[in-house]
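Below: query27.pdb (PDB, C-alpha atoms, pLDDT in the B column)
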ATOM      1  CA  MET R   1     169.372  53.485  89.281  1.00 52.00           C
ATOM      2  CA  SER R   2     168.610  55.091  85.923  1.00 77.00           C
ATOM      3  CA  ARG R   3     168.027  52.703  83.019  1.00 93.00           C
ATOM      4  CA  PRO R   4     167.412  53.739  79.421  1.00 96.00           C
ATOM      5  CA  PRO R   5     163.921  53.115  78.024  1.00 97.00           C
ATOM      6  CA  ILE R   6     163.494  50.015  75.857  1.00 97.00           C
ATOM      7  CA  PRO R   7     161.847  50.738  72.480  1.00 97.00           C
ATOM      8  CA  ILE R   8     159.103  48.284  71.548  1.00 97.00           C
ATOM      9  CA  LEU R   9     157.623  48.777  68.057  1.00 96.00           C
ATOM     10  CA  GLY R  10     158.876  52.355  68.055  1.00 96.00           C
ATOM     11  CA  VAL R  11     157.522  53.309  71.491  1.00 97.00           C
ATOM     12  CA  PRO R  12     160.162  53.769  74.236  1.00 98.00           C
ATOM     13  CA  ILE R  13     159.008  52.011  77.413  1.00 98.00           C
ATOM     14  CA  HIS R  14     160.504  53.102  80.738  1.00 98.00           C
ATOM     15  CA  ASN R  15     162.371  50.320  82.526  1.00 97.00           C
ATOM     16  CA  LEU R  16     161.209  50.742  86.129  1.00 97.00           C
ATOM     17  CA  THR R  17     160.289  48.779  89.233  1.00 96.00           C
ATOM     18  CA  TYR R  18     157.113  49.529  91.192  1.00 95.00           C
ATOM     19  CA  ASP R  19     159.131  51.381  93.835  1.00 96.00           C
ATOM     20  CA  GLU R  20     160.822  53.518  91.187  1.00 97.00           C
ATOM     21  CA  THR R  21     157.442  54.230  89.616  1.00 97.00           C
ATOM     22  CA  PHE R  22     156.080  55.405  92.970  1.00 97.00           C
ATOM     23  CA  ALA R  23     159.152  57.599  93.451  1.00 97.00           C
ATOM     24  CA  HIS R  24     158.302  59.279  90.124  1.00 97.00           C
ATOM     25  CA  ILE R  25     154.676  59.658  91.228  1.00 98.00           C
ATOM     26  CA  LYS R  26     155.763  61.308  94.502  1.00 98.00           C
ATOM     27  CA  ARG R  27     157.875  63.823  92.576  1.00 98.00           C
ATOM     28  CA  MET R  28     155.040  64.523  90.142  1.00 98.00           C
ATOM     29  CA  ILE R  29     152.604  65.223  92.971  1.00 98.00           C
ATOM     30  CA  ALA R  30     155.155  67.430  94.725  1.00 98.00           C
ATOM     31  CA  SER R  31     155.619  69.441  91.514  1.00 98.00           C
ATOM     32  CA  GLY R  32     151.905  70.189  91.173  1.00 98.00           C
ATOM     33  CA  GLN R  33     152.235  70.060  87.381  1.00 98.00           C
ATOM     34  CA  PRO R  34     150.079  67.750  85.197  1.00 98.00           C
ATOM     35  CA  HIS R  35     151.610  64.446  84.090  1.00 98.00           C
ATOM     36  CA  GLN R  36     150.295  61.497  82.090  1.00 98.00           C
ATOM     37  CA  LEU R  37     151.207  57.864  82.785  1.00 98.00           C
ATOM     38  CA  ALA R  38     150.399  55.044  80.360  1.00 97.00           C
ATOM     39  CA  THR R  39     150.483  51.360  81.284  1.00 96.00           C
ATOM     40  CA  VAL R  40     151.414  49.955  77.886  1.00 96.00           C
ATOM     41  CA  ASN R  41     150.520  46.414  76.841  1.00 93.00           C
ATOM     42  CA  PRO R  42     150.805  44.612  73.466  1.00 93.00           C
ATOM     43  CA  GLU R  43     147.286  45.681  72.451  1.00 93.00           C
ATOM     44  CA  PHE R  44     148.285  49.325  72.892  1.00 95.00           C
ATOM     45  CA  LEU R  45     151.293  48.901  70.628  1.00 96.00           C
ATOM     46  CA  VAL R  46     149.300  47.166  67.895  1.00 95.00           C
ATOM     47  CA  MET R  47     146.626  49.894  67.981  1.00 95.00           C
ATOM     48  CA  ALA R  48     149.301  52.605  67.979  1.00 96.00           C
ATOM     49  CA  GLN R  49     150.661  51.381  64.634  1.00 94.00           C
ATOM     50  CA  ARG R  50     147.468  52.541  62.899  1.00 93.00           C
ATOM     51  CA  ASP R  51     146.006  55.131  65.268  1.00 97.00           C
ATOM     52  CA  LEU R  52     148.450  58.027  64.994  1.00 97.00           C
ATOM     53  CA  ASP R  53     146.669  60.114  67.651  1.00 98.00           C
ATOM     54  CA  PHE R  54     146.975  57.251  70.106  1.00 98.00           C
ATOM     55  CA  ARG R  55     150.633  56.783  69.171  1.00 98.00           C
ATOM     56  CA  ARG R  56     151.280  60.459  69.800  1.00 98.00           C
ATOM     57  CA  ALA R  57     149.514  60.278  73.168  1.00 98.00           C
ATOM     58  CA  LEU R  58     151.766  57.395  74.184  1.00 98.00           C
ATOM     59  CA  LEU R  59     154.916  59.120  72.972  1.00 98.00           C
ATOM     60  CA  ASP R  60     153.961  62.317  74.792  1.00 98.00           C
ATOM     61  CA  ALA R  61     153.184  60.531  78.084  1.00 98.00           C
ATOM     62  CA  ASP R  62     155.579  61.355  80.912  1.00 98.00           C
ATOM     63  CA  LEU R  63     155.893  57.682  81.875  1.00 98.00           C
ATOM     64  CA  ARG R  64     155.213  54.623  79.723  1.00 98.00           C
ATOM     65  CA  LEU R  65     155.148  51.515  81.890  1.00 97.00           C
ATOM     66  CA  ALA R  66     155.589  47.885  80.823  1.00 96.00           C
ATOM     67  CA  ASP R  67     152.198  46.256  81.416  1.00 92.00           C
ATOM     68  CA  GLY R  68     152.098  42.740  80.034  1.00 81.00           C
ATOM     69  CA  VAL R  69     154.480  39.847  79.559  1.00 86.00           C
ATOM     70  CA  GLY R  70     154.437  40.570  75.827  1.00 90.00           C
ATOM     71  CA  LEU R  71     156.614  43.613  76.389  1.00 94.00           C
ATOM     72  CA  GLN R  72     159.150  41.415  78.146  1.00 93.00           C
ATOM     73  CA  TRP R  73     159.186  39.204  75.042  1.00 92.00           C
ATOM     74  CA  GLY R  74     159.853  42.284  72.922  1.00 95.00           C
ATOM     75  CA  ALA R  75     162.742  43.307  75.160  1.00 96.00           C
ATOM     76  CA  MET R  76     164.233  39.808  75.174  1.00 95.00           C
ATOM     77  CA  LEU R  77     164.233  39.739  71.361  1.00 94.00           C
ATOM     78  CA  GLN R  78     166.569  42.733  71.614  1.00 93.00           C
ATOM     79  CA  GLY R  79     168.838  40.974  74.105  1.00 95.00           C
ATOM     80  CA  THR R  80     167.641  42.953  77.097  1.00 96.00           C
ATOM     81  CA  ARG R  81     164.779  42.802  79.600  1.00 96.00           C
ATOM     82  CA  PHE R  82     162.579  44.910  81.857  1.00 96.00           C
ATOM     83  CA  VAL R  83     163.517  44.717  85.527  1.00 96.00           C
ATOM     84  CA  SER R  84     159.815  44.451  86.348  1.00 92.00           C
ATOM     85  CA  ARG R  85     156.393  44.585  84.795  1.00 91.00           C
ATOM     86  CA  VAL R  86     154.306  47.446  86.155  1.00 93.00           C
ATOM     87  CA  ALA R  87     150.773  46.232  85.507  1.00 87.00           C
ATOM     88  CA  GLY R  88     147.953  48.769  85.698  1.00 85.00           C
ATOM     89  CA  SER R  89     145.777  46.643  87.975  1.00 80.00           C
ATOM     90  CA  GLN R  90     148.635  45.939  90.375  1.00 87.00           C
ATOM     91  CA  LEU R  91     149.683  49.579  90.271  1.00 92.00           C
ATOM     92  CA  VAL R  92     146.309  50.778  91.594  1.00 92.00           C
ATOM     93  CA  TYR R  93     146.204  48.135  94.345  1.00 91.00           C
ATOM     94  CA  ARG R  94     149.700  49.119  95.473  1.00 94.00           C
ATOM     95  CA  LEU R  95     148.956  52.807  95.134  1.00 96.00           C
ATOM     96  CA  ALA R  96     145.927  52.730  97.448  1.00 97.00           C
ATOM     97  CA  PRO R  97     147.732  52.220 100.794  1.00 97.00           C
ATOM     98  CA  LEU R  98     150.366  54.766  99.797  1.00 97.00           C
ATOM     99  CA  ALA R  99     147.670  57.318  98.948  1.00 98.00           C
ATOM    100  CA  ALA R 100     145.966  56.678 102.288  1.00 98.00           C
ATOM    101  CA  ASP R 101     149.261  57.146 104.137  1.00 98.00           C
ATOM    102  CA  LYS R 102     150.356  60.253 102.221  1.00 97.00           C
ATOM    103  CA  GLY R 103     146.929  61.892 102.134  1.00 98.00           C
ATOM    104  CA  TRP R 104     146.837  61.902  98.325  1.00 98.00           C
ATOM    105  CA  ARG R 105     143.359  62.537  96.942  1.00 98.00           C
ATOM    106  CA  LEU R 106     142.178  60.102  94.263  1.00 98.00           C
ATOM    107  CA  PHE R 107     139.555  60.687  91.574  1.00 98.00           C
ATOM    108  CA  PHE R 108     137.891  57.839  89.663  1.00 98.00           C
ATOM    109  CA  LEU R 109     136.458  58.846  86.277  1.00 98.00           C
ATOM    110  CA  GLY R 110     134.355  56.654  83.997  1.00 97.00           C
ATOM    111  CA  ALA R 111     133.788  52.866  84.148  1.00 95.00           C
ATOM    112  CA  GLY R 112     130.333  51.260  83.901  1.00 92.00           C
ATOM    113  CA  PRO R 113     127.276  52.305  85.936  1.00 94.00           C
ATOM    114  CA  GLY R 114     128.060  52.081  89.643  1.00 95.00           C
ATOM    115  CA  VAL R 115     131.483  50.514  89.093  1.00 96.00           C
ATOM    116  CA  ALA R 116     133.634  53.472  90.170  1.00 97.00           C
ATOM    117  CA  MET R 117     131.573  53.982  93.322  1.00 97.00           C
ATOM    118  CA  ALA R 118     131.741  50.278  94.200  1.00 97.00           C
ATOM    119  CA  ALA R 119     135.523  50.302  93.676  1.00 97.00           C
ATOM    120  CA  ALA R 120     135.853  53.392  95.862  1.00 97.00           C
ATOM    121  CA  GLU R 121     133.770  51.807  98.616  1.00 97.00           C
ATOM    122  CA  ARG R 122     135.886  48.668  98.589  1.00 96.00           C
ATOM    123  CA  LEU R 123     139.124  50.637  98.838  1.00 97.00           C
ATOM    124  CA  ARG R 124     137.669  52.802 101.625  1.00 97.00           C
ATOM    125  CA  ALA R 125     136.807  49.632 103.544  1.00 97.00           C
ATOM    126  CA  GLU R 126     140.395  48.397 103.174  1.00 97.00           C
ATOM    127  CA  HIS R 127     142.039  51.779 103.753  1.00 97.00           C
ATOM    128  CA  PRO R 128     139.765  53.991 105.911  1.00 97.00           C
ATOM    129  CA  ALA R 129     141.996  57.065 105.524  1.00 98.00           C
ATOM    130  CA  ILE R 130     141.875  57.040 101.728  1.00 98.00           C
ATOM    131  CA  GLN R 131     140.192  59.994  99.983  1.00 98.00           C
ATOM    132  CA  ILE R 132     138.366  59.158  96.754  1.00 98.00           C
ATOM    133  CA  GLU R 133     136.057  61.247  94.595  1.00 98.00           C
ATOM    134  CA  VAL R 134     133.964  59.582  91.876  1.00 98.00           C
ATOM    135  CA  ASN R 135     132.427  60.751  88.607  1.00 98.00           C
ATOM    136  CA  GLY R 136     130.796  58.408  86.098  1.00 95.00           C
ATOM    137  CA  ALA R 137     130.626  60.908  83.211  1.00 96.00           C
ATOM    138  CA  ASP R 138     131.154  59.533  79.715  1.00 95.00           C
ATOM    139  CA  PRO R 139     133.809  60.984  77.373  1.00 95.00           C
ATOM    140  CA  THR R 140     131.347  63.034  75.286  1.00 96.00           C
ATOM    141  CA  PRO R 141     131.917  66.804  75.112  1.00 96.00           C
ATOM    142  CA  GLU R 142     129.093  67.375  77.629  1.00 96.00           C
ATOM    143  CA  GLY R 143     130.299  64.627  79.950  1.00 97.00           C
ATOM    144  CA  SER R 144     133.895  65.807  79.732  1.00 98.00           C
ATOM    145  CA  ALA R 145     132.937  69.391  80.543  1.00 97.00           C
ATOM    146  CA  ALA R 146     131.020  68.266  83.639  1.00 97.00           C
ATOM    147  CA  ALA R 147     133.842  65.946  84.707  1.00 98.00           C
ATOM    148  CA  LEU R 148     136.452  68.678  84.314  1.00 98.00           C
ATOM    149  CA  ARG R 149     134.404  71.062  86.467  1.00 98.00           C
ATOM    150  CA  HIS R 150     134.185  68.377  89.144  1.00 98.00           C
ATOM    151  CA  ILE R 151     137.908  67.598  88.918  1.00 98.00           C
ATOM    152  CA  ARG R 152     138.920  71.244  89.215  1.00 98.00           C
ATOM    153  CA  SER R 153     136.597  71.765  92.176  1.00 98.00           C
ATOM    154  CA  VAL R 154     138.174  68.989  94.273  1.00 97.00           C
ATOM    155  CA  GLN R 155     141.771  69.255  92.960  1.00 98.00           C
ATOM    156  CA  PRO R 156     142.803  65.594  93.254  1.00 98.00           C
ATOM    157  CA  ASP R 157     146.413  64.469  93.257  1.00 98.00           C
ATOM    158  CA  ILE R 158     145.781  61.380  91.123  1.00 98.00           C
ATOM    159  CA  LEU R 159     143.155  60.918  88.396  1.00 98.00           C
ATOM    160  CA  LEU R 160     142.337  57.370  87.277  1.00 98.00           C
ATOM    161  CA  VAL R 161     140.426  57.308  83.988  1.00 98.00           C
ATOM    162  CA  ALA R 162     138.494  54.128  83.115  1.00 97.00           C
ATOM    163  CA  TYR R 163     137.267  54.585  79.544  1.00 97.00           C
ATOM    164  CA  GLY R 164     139.322  51.765  78.053  1.00 93.00           C
ATOM    165  CA  ALA R 165     142.095  52.212  75.519  1.00 93.00           C
ATOM    166  CA  PRO R 166     142.560  54.236  73.471  1.00 96.00           C
ATOM    167  CA  LYS R 167     139.738  56.532  74.689  1.00 97.00           C
ATOM    168  CA  GLN R 168     141.118  57.011  78.194  1.00 98.00           C
ATOM    169  CA  ASP R 169     144.654  57.861  77.071  1.00 98.00           C
ATOM    170  CA  LEU R 170     143.390  60.204  74.360  1.00 98.00           C
ATOM    171  CA  TRP R 171     141.067  61.866  76.887  1.00 98.00           C
ATOM    172  CA  ILE R 172     143.954  62.500  79.260  1.00 98.00           C
ATOM    173  CA  ALA R 173     146.194  63.814  76.482  1.00 98.00           C
ATOM    174  CA  ARG R 174     143.440  66.137  75.282  1.00 98.00           C
ATOM    175  CA  HIS R 175     142.465  67.476  78.716  1.00 98.00           C
ATOM    176  CA  LYS R 176     145.736  67.192  80.658  1.00 97.00           C
ATOM    177  CA  ALA R 177     146.420  70.899  80.932  1.00 97.00           C
ATOM    178  CA  GLU R 178     142.783  71.782  81.633  1.00 97.00           C
ATOM    179  CA  ALA R 179     142.414  69.125  84.352  1.00 98.00           C
ATOM    180  CA  GLY R 180     145.703  70.127  85.943  1.00 97.00           C
ATOM    181  CA  VAL R 181     146.030  66.914  87.981  1.00 98.00           C
ATOM    182  CA  PRO R 182     149.640  65.992  88.879  1.00 98.00           C
ATOM    183  CA  VAL R 183     149.220  62.295  88.008  1.00 98.00           C
ATOM    184  CA  MET R 184     146.728  60.993  85.421  1.00 98.00           C
ATOM    185  CA  ILE R 185     146.576  57.310  84.519  1.00 98.00           C
ATOM    186  CA  GLY R 186     144.329  55.318  82.170  1.00 97.00           C
ATOM    187  CA  VAL R 187     143.283  52.208  84.074  1.00 96.00           C
ATOM    188  CA  GLY R 188     141.013  50.302  81.675  1.00 90.00           C
ATOM    189  CA  GLY R 189     139.015  47.630  83.496  1.00 89.00           C
ATOM    190  CA  THR R 190     140.930  47.905  86.777  1.00 92.00           C
ATOM    191  CA  LEU R 191     138.002  49.508  88.598  1.00 95.00           C
ATOM    192  CA  ASP R 192     135.787  46.591  87.514  1.00 92.00           C
ATOM    193  CA  VAL R 193     138.291  44.212  89.133  1.00 91.00           C
ATOM    194  CA  ILE R 194     138.513  46.249  92.351  1.00 94.00           C
ATOM    195  CA  ALA R 195     134.710  46.487  92.498  1.00 94.00           C
ATOM    196  CA  GLY R 196     134.426  42.713  92.138  1.00 90.00           C
ATOM    197  CA  ARG R 197     132.552  42.942  88.816  1.00 87.00           C
ATOM    198  CA  THR R 198     135.413  41.192  87.010  1.00 74.00           C
ATOM    199  CA  PRO R 199     137.280  38.271  88.624  1.00 63.00           C
ATOM    200  CA  ARG R 200     140.853  39.009  89.665  1.00 67.00           C
ATOM    201  CA  PRO R 201     143.475  36.579  88.325  1.00 63.00           C
ATOM    202  CA  PRO R 202     145.327  34.529  90.942  1.00 64.00           C
ATOM    203  CA  GLN R 203     148.656  36.086  91.890  1.00 64.00           C
ATOM    204  CA  TRP R 204     150.601  33.121  90.483  1.00 53.00           C
ATOM    205  CA  MET R 205     149.033  33.648  87.057  1.00 56.00           C
ATOM    206  CA  HIS R 206     149.949  37.319  87.196  1.00 56.00           C
ATOM    207  CA  ASP R 207     153.521  36.453  88.199  1.00 60.00           C
ATOM    208  CA  LEU R 208     153.834  34.074  85.237  1.00 52.00           C
ATOM    209  CA  GLY R 209     152.269  36.559  82.831  1.00 57.00           C
ATOM    210  CA  PHE R 210     149.175  34.429  82.196  1.00 57.00           C
ATOM    211  CA  GLU R 211     146.535  36.858  83.483  1.00 62.00           C
ATOM    212  CA  TRP R 212     145.414  37.403  79.862  1.00 54.00           C
ATOM    213  CA  LEU R 213     144.570  33.701  79.665  1.00 53.00           C
ATOM    214  CA  PHE R 214     142.571  33.902  82.908  1.00 52.00           C
ATOM    215  CA  ARG R 215     140.590  36.884  81.596  1.00 58.00           C
ATOM    216  CA  LEU R 216     139.890  35.098  78.332  1.00 50.00           C
ATOM    217  CA  TRP R 217     138.625  32.059  80.279  1.00 46.00           C
ATOM    218  CA  LYS R 218     136.371  34.219  82.465  1.00 57.00           C
ATOM    219  CA  GLN R 219     135.338  36.591  79.666  1.00 59.00           C
ATOM    220  CA  PRO R 220     135.212  34.619  76.363  1.00 59.00           C
ATOM    221  CA  GLY R 221     133.917  37.726  74.603  1.00 57.00           C
ATOM    222  CA  ARG R 222     137.465  39.134  74.797  1.00 52.00           C
ATOM    223  CA  TRP R 223     138.670  36.733  72.087  1.00 41.00           C
ATOM    224  CA  ARG R 224     138.571  39.429  69.395  1.00 60.00           C
ATOM    225  CA  ARG R 225     140.897  41.601  71.479  1.00 60.00           C
ATOM    226  CA  GLN R 226     143.229  38.654  72.015  1.00 61.00           C
ATOM    227  CA  LEU R 227     143.680  38.370  68.248  1.00 71.00           C
ATOM    228  CA  ARG R 228     146.004  41.350  68.578  1.00 77.00           C
ATOM    229  CA  LEU R 229     148.516  39.168  70.439  1.00 81.00           C
ATOM    230  CA  PRO R 230     149.610  37.069  67.426  1.00 86.00           C
ATOM    231  CA  ILE R 231     149.636  40.269  65.362  1.00 91.00           C
ATOM    232  CA  TYR R 232     151.938  41.795  67.976  1.00 92.00           C
ATOM    233  CA  VAL R 233     154.275  38.795  67.883  1.00 89.00           C
ATOM    234  CA  GLY R 234     154.370  38.998  64.084  1.00 93.00           C
ATOM    235  CA  MET R 235     155.271  42.680  64.282  1.00 94.00           C
ATOM    236  CA  LEU R 236     158.077  41.956  66.760  1.00 95.00           C
ATOM    237  CA  LEU R 237     159.546  39.258  64.513  1.00 93.00           C
ATOM    238  CA  ALA R 238     159.250  41.456  61.421  1.00 92.00           C
ATOM    239  CA  GLU R 239     161.003  44.305  63.233  1.00 90.00           C
ATOM    240  CA  LYS R 240     163.817  41.982  64.337  1.00 86.00           C
ATOM    241  CA  ALA R 241     164.238  40.621  60.813  1.00 85.00           C
ATOM    242  CA  LYS R 242     164.368  44.176  59.430  1.00 81.00           C
ATOM    243  CA  GLY R 243     167.070  45.078  61.950  1.00 75.00           C
ATOM    244  CA  LYS R 244     169.145  42.070  60.886  1.00 70.00           C
ATOM    245  CA  ARG R 245     168.846  43.022  57.209  1.00 69.00           C
ATOM    246  CA  GLN R 246     169.945  46.583  57.955  1.00 72.00           C
ATOM    247  CA  LYS R 247     172.974  45.356  59.911  1.00 69.00           C
ATOM    248  CA  ALA R 248     173.899  43.020  57.069  1.00 66.00           C
ATOM    249  CA  LYS R 249     173.995  45.962  54.659  1.00 69.00           C
ATOM    250  CA  VAL R 250     176.401  47.945  56.817  1.00 59.00           C
TER
END
Just dump the structure as structure tokens.
Amino acid sequence: MSRPPIPILGVPIHNLTYDETFAHIKRMIASGQPHQLATVNPEFLVMAQRDLDFRRALLDADLRLADGVGLQWGAMLQGTRFVSRVAGSQLVYRLAPLAADKGWRLFFLGAGPGVAMAAAERLRAEHPAIQIEVNGADPTPEGSAAALRHIRSVQPDILLVAYGAPKQDLWIARHKAEAGVPVMIGVGGTLDVIAGRTPRPPQWMHDLGFEWLFRLWKQPGRWRRQLRLPIYVGMLLAEKAKGKRQKAKV
């Protein structure tokens, strides 16, 4: 079933289930052409209002997925809804067994010291057939050049970049053609969660959209980032009010 994207603060978000997302990923890998996926949450949309390069990277991405209950709020204010959230952390967990079964080669780039390797080891323990290459290079010109040489030498099917937003999404947009990987996704702190460095929210909290509250409880230092949430809500309400005023003038 094909559904039109839902625009949230000027960024069209694809309205997909996990299964539909994986169907897109299968086609991308089969094509052999480079593609960028972005798991968009409210923080992304707030940052994209001021960071025009980040906004362009999101708009140019081949898939923009609804990561975060805040996007559902934005859709509901328009009288519609996303059929599913496609959270970045859940996406990687669900992708791992599929990659092991299909023989897709994964590449983890970035994250903190030892994190990507620990995440790879955990996934290998759970899925012995999975193929994962790791590179901890930072996003400096020298680090990027070394990482790109490594990526081209192993030719992965899926590249997961863990530099945090907006660095990871800008890195992919900048190096997409040069890397040549069929599927490239910015995954933020997902590798930290897989590696066990960051606690994973209980499934029920994820289902209710309260994983942000769990992370804030476990990582109080995130409070500055969480300030973007009320800003996001204010932007949604302002956009809705503007739409009403425009309709009233017609």
Q) Exactly which residues make up the result of the PyMOL selection byres ((chain R and resi 154) around 10) on this file, given as a PyMOL selection string? A) chain R and resi 105-107+133+149-153+155-157
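Here the PyMOL selection byres ((chain R and resi 97) around 10) captures the residues Val92, Tyr93, Arg94, Leu95, Ala96, Leu98, Ala99, Ala100, Asp101, Lys102, Gly103, Leu123, Glu126, His127, Pro128, Ala129 and Ile130 of chain R.
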Q | Which of R:Gly188, R:Gly243, R:Pro4, R:Gly143 sits closest to R:Phe82 [using all atoms listed in the file] | A |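 That would be R:Pro4, the residue with the smallest distance to R:Phe82.
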Name the residues in contact with stretch 28-34 of chain R at a cut-off of 9 Å, using all atoms listed in the file, excluding same-chain residues fewer than 3 positions from it; report them as a compact mmCIF listing (two decimals) with C-alpha atoms, in the frame of the given file.
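Output file result_9.txt is given in full below:
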# COMPACT_ATOMS: atom_id res chain seq x y z
CA ALA R 23 159.15 57.60 93.45
CA HIS R 24 158.30 59.28 90.12
CA ILE R 25 154.68 59.66 91.23
CA TRP R 104 146.84 61.90 98.32
CA ASP R 157 146.41 64.47 93.26
CA ILE R 158 145.78 61.38 91.12
CA LYS R 176 145.74 67.19 80.66
CA ALA R 177 146.42 70.90 80.93
CA ALA R 179 142.41 69.12 84.35
CA GLY R 180 145.70 70.13 85.94
CA VAL R 181 146.03 66.91 87.98
CA PRO R 182 149.64 65.99 88.88
CA VAL R 183 149.22 62.30 88.01
CA MET R 184 146.73 60.99 85.42
Q) What separation in Å, quoted to one decimal, exists between atom CA of R:Gly74 and atom CA of R:Gln246? A)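 About the pair atom CA of R:Gly74 and atom CA of R:Gln246: they are 18.6 Å apart.
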Q.
For the PyMOL selection byres ((chain R and resi 85) around 12), applied here, can you spell out every residue it catches as a ChimeraX atom specification?
A. /R:13-21,39-41,64-73,75,81-84,86-91,206-209
Q) What is the atom CA of R:Tyr232-atom CA of R:Ala38 distance in Å, reported with one decimal? A)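 Distance reported for this atom pair: 18.2 Å.
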Q: Quote the spacing between atom CA of R:Ala120 and atom CA of R:Trp171 in Å to one decimal place.
A: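 Distance reported for this atom pair: 21.4 Å.
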Output as lines of an AutoDock Vina configuration file the centre and edge lengths (Å, one decimal) of the box along x, y and z of the file that holds every listed atom of stretch 75-92 of chain R after adding 8 Å on each side.
center_x = 157.3
center_y = 45.3
center_z = 81.5
size_x = 39.1
size_y = 27.0
size_z = 36.2
**Q.** Nearest residue to R:Val161 from the set R:Phe108, R:Asp192, R:Asn135, R:Phe44 (distances using all atoms listed in the file)
**A.**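 Counting all atoms listed in the file, the residue closest to R:Val161 is R:Phe108.
Shortest atom-to-atom contact with R:Arg174 among R:Arg56, R:Arg27, R:Arg228, R:Arg122: R:Arg56, counting all atoms listed in the file.
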Polymer residues at most 7 Å from R:Ala61, all atoms listed in the file, same-chain spacing of 2 or more positions, as a short mmCIF file (atom, residue, chain, number, x, y, z; two decimals) with C-alpha atoms, in the frame of the given file:
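result01.cif written:
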data_model
loop_
_atom_site.label_atom_id
_atom_site.label_comp_id
_atom_site.auth_asym_id
_atom_site.auth_seq_id
_atom_site.Cartn_x
_atom_site.Cartn_y
_atom_site.Cartn_z
CA GLN R 36 150.29 61.50 82.09
CA LEU R 37 151.21 57.86 82.78
CA ALA R 38 150.40 55.04 80.36
CA ALA R 57 149.51 60.28 73.17
CA LEU R 58 151.77 57.40 74.18
CA LEU R 59 154.92 59.12 72.97
CA LEU R 63 155.89 57.68 81.88
CA ARG R 64 155.21 54.62 79.72
#
(Q) Here is a test: counting all atoms listed in the file, which residue of R:Met117, R:Val233, R:Val11, R:Leu191 is nearest to R:Gly136? (A)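 Ranked by minimum distance to R:Gly136, first place goes to R:Met117.
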